[in-house]
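Asker: As input, take start_35.pdb (PDB, C-alpha atoms):
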ATOM      1  CA  MET A 136      78.376 126.854  94.049  1.00  0.00           C
ATOM      2  CA  ARG A 137      81.894 125.885  95.096  1.00  0.00           C
ATOM      3  CA  LYS A 138      83.697 127.776  97.824  1.00  0.00           C
ATOM      4  CA  ASP A 139      87.353 128.741  97.379  1.00  0.00           C
ATOM      5  CA  HIS A 140      88.352 126.728 100.434  1.00  0.00           C
ATOM      6  CA  GLU A 141      86.375 124.206 102.382  1.00  0.00           C
ATOM      7  CA  HIS A 142      87.489 124.077 105.994  1.00  0.00           C
ATOM      8  CA  LEU A 143      87.631 121.079 108.303  1.00  0.00           C
ATOM      9  CA  GLY A 144      87.486 120.977 112.070  1.00  0.00           C
ATOM     10  CA  LEU A 145      88.875 117.983 113.941  1.00  0.00           C
ATOM     11  CA  ALA A 146      85.685 115.913 113.612  1.00  0.00           C
ATOM     12  CA  GLU A 147      85.533 116.486 109.833  1.00  0.00           C
ATOM     13  CA  LEU A 148      89.270 115.846 109.550  1.00  0.00           C
ATOM     14  CA  ALA A 149      88.893 112.488 111.287  1.00  0.00           C
ATOM     15  CA  ILE A 150      86.026 111.539 108.963  1.00  0.00           C
ATOM     16  CA  LYS A 151      88.078 112.525 105.903  1.00  0.00           C
ATOM     17  CA  LEU A 152      90.981 110.392 107.182  1.00  0.00           C
ATOM     18  CA  GLY A 153      88.693 107.506 108.118  1.00  0.00           C
ATOM     19  CA  VAL A 154      89.958 107.433 111.709  1.00  0.00           C
ATOM     20  CA  SER A 155      88.885 108.512 115.191  1.00  0.00           C
ATOM     21  CA  ARG A 156      89.620 112.022 116.459  1.00  0.00           C
ATOM     22  CA  SER A 157      92.202 110.555 118.817  1.00  0.00           C
ATOM     23  CA  ARG A 158      93.938 108.792 115.912  1.00  0.00           C
ATOM     24  CA  ALA A 159      93.831 112.013 113.866  1.00  0.00           C
ATOM     25  CA  HIS A 160      95.783 113.719 116.683  1.00  0.00           C
ATOM     26  CA  GLN A 161      98.320 110.890 116.606  1.00  0.00           C
ATOM     27  CA  LEU A 162      98.764 111.274 112.848  1.00  0.00           C
ATOM     28  CA  MET A 163      99.334 115.013 113.177  1.00  0.00           C
ATOM     29  CA  ARG A 164     102.248 114.277 115.502  1.00  0.00           C
ATOM     30  CA  ALA A 165     103.563 111.221 113.622  1.00  0.00           C
ATOM     31  CA  TYR A 166     103.826 112.693 110.098  1.00  0.00           C
ATOM     32  CA  ALA A 167     106.150 115.658 109.614  1.00  0.00           C
ATOM     33  CA  ASP A 168     104.396 116.450 106.338  1.00  0.00           C
ATOM     34  CA  PHE A 169     100.890 116.475 107.830  1.00  0.00           C
ATOM     35  CA  PRO A 170      99.134 119.722 106.822  1.00  0.00           C
ATOM     36  CA  ARG A 171      99.382 122.546 109.310  1.00  0.00           C
ATOM     37  CA  ALA A 172      96.182 124.024 110.631  1.00  0.00           C
ATOM     38  CA  VAL A 173      95.312 127.302 108.918  1.00  0.00           C
ATOM     39  CA  ALA A 174      93.647 128.681 112.043  1.00  0.00           C
ATOM     40  CA  ILE A 175      93.199 127.912 115.705  1.00  0.00           C
ATOM     41  CA  LEU A 176      89.782 128.899 116.976  1.00  0.00           C
ATOM     42  CA  THR A 177      88.092 128.466 120.333  1.00  0.00           C
ATOM     43  CA  MET A 178      86.591 125.232 118.996  1.00  0.00           C
ATOM     44  CA  GLY A 179      90.026 123.981 117.916  1.00  0.00           C
ATOM     45  CA  GLN A 180      92.208 123.772 114.851  1.00  0.00           C
ATOM     46  CA  VAL A 181      90.967 124.233 111.282  1.00  0.00           C
ATOM     47  CA  TRP A 182      92.483 122.839 108.071  1.00  0.00           C
ATOM     48  CA  HIS A 183      91.922 123.514 104.376  1.00  0.00           C
ATOM     49  CA  ALA A 184      90.237 120.424 102.936  1.00  0.00           C
ATOM     50  CA  ASP A 185      92.399 120.685  99.801  1.00  0.00           C
ATOM     51  CA  ASP A 186      95.571 120.459 101.918  1.00  0.00           C
ATOM     52  CA  VAL A 187      94.295 117.321 103.629  1.00  0.00           C
ATOM     53  CA  GLU A 188      93.195 115.773 100.329  1.00  0.00           C
ATOM     54  CA  HIS A 189      96.637 116.452  98.855  1.00  0.00           C
ATOM     55  CA  TRP A 190      98.283 114.824 101.884  1.00  0.00           C
ATOM     56  CA  LEU A 191      96.069 111.770 101.412  1.00  0.00           C
ATOM     57  CA  THR A 192      97.169 111.454  97.772  1.00  0.00           C
ATOM     58  CA  MET A 193     100.784 111.417  98.977  1.00  0.00           C
ATOM     59  CA  HIS A 194      99.890 108.600 101.410  1.00  0.00           C
ATOM     60  CA  PRO A 195      97.830 106.150  99.322  1.00  0.00           C
ATOM     61  CA  VAL A 196      97.689 103.633 102.161  1.00  0.00           C
ATOM     62  CA  ARG A 197      95.588 105.021 104.960  1.00  0.00           C
ATOM     63  CA  PRO A 198      97.401 105.217 108.268  1.00  0.00           C
ATOM     64  CA  THR A 199      95.117 102.459 109.553  1.00  0.00           C
ATOM     65  CA  GLY A 200      96.524 100.183 106.823  1.00  0.00           C
ATOM     66  CA  VAL A 201      93.368 100.265 104.674  1.00  0.00           C
ATOM     67  CA  ARG A 202      93.952 101.270 101.067  1.00  0.00           C
ATOM     68  CA  ARG A 203      92.047 104.291  99.776  1.00  0.00           C
ATOM     69  CA  GLY A 204      89.875 103.560  96.853  1.00  0.00           C
TER      70      GLY A 204
END
Go ahead and render the structure in this file as structure tokens.

Answerer:
Amino acid sequence: MRKDHEHLGLAELAIKLGVSRSRAHQLMRAYADFPRAVAILTMGQVWHADDVEHWLTMHPVRPTGVRRG
């Protein structure tokens, strides 16, 4: 069963991006079009996975320089 929205915390976001958590923070600041968090919880920010996936399609070269594929 598929949920309407899968959510990502910082650790899951970093995995999805293929970078460290520290690098994920850098990317959030470096890219004006980086998805905004949909919530800020005690544990940190939360993003919709679909928003992050869409952002990745707009940036086919990973920020580390490795092509997605």

Asker: Nearest to Ala172 in chain A among A:His189, A:Gly144, A:His194, A:Lys151, with distances taken over all atoms listed in the file: which residue is it?

Answerer: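 For Ala172 in chain A, the nearest of the candidates is A:Gly144.
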
Asker: Return as a PyMOL selection string the set of residues that the PyMOL selection byres ((chain A and resi 143) around 7) yields on the displayed structure.

Answerer: chain A and resi 141-142+144-145+147-148+181-184

Asker: In terms of the shortest atom-to-atom distance over only C-alpha atoms, which of A:Ala159, A:Pro170, A:Gly153, A:Arg164 is closest to Asp186 in chain A?

Answerer: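 Closest candidate: A:Pro170.
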
Asker: If the PyMOL selection byres ((chain A and resi 163) around 12) were run on this exact file, what residues would it hold? Put them as a PyMOL selection string.

Answerer: chain A and resi 145+148-149+152+156-162+164-172+180+182+187+190+198
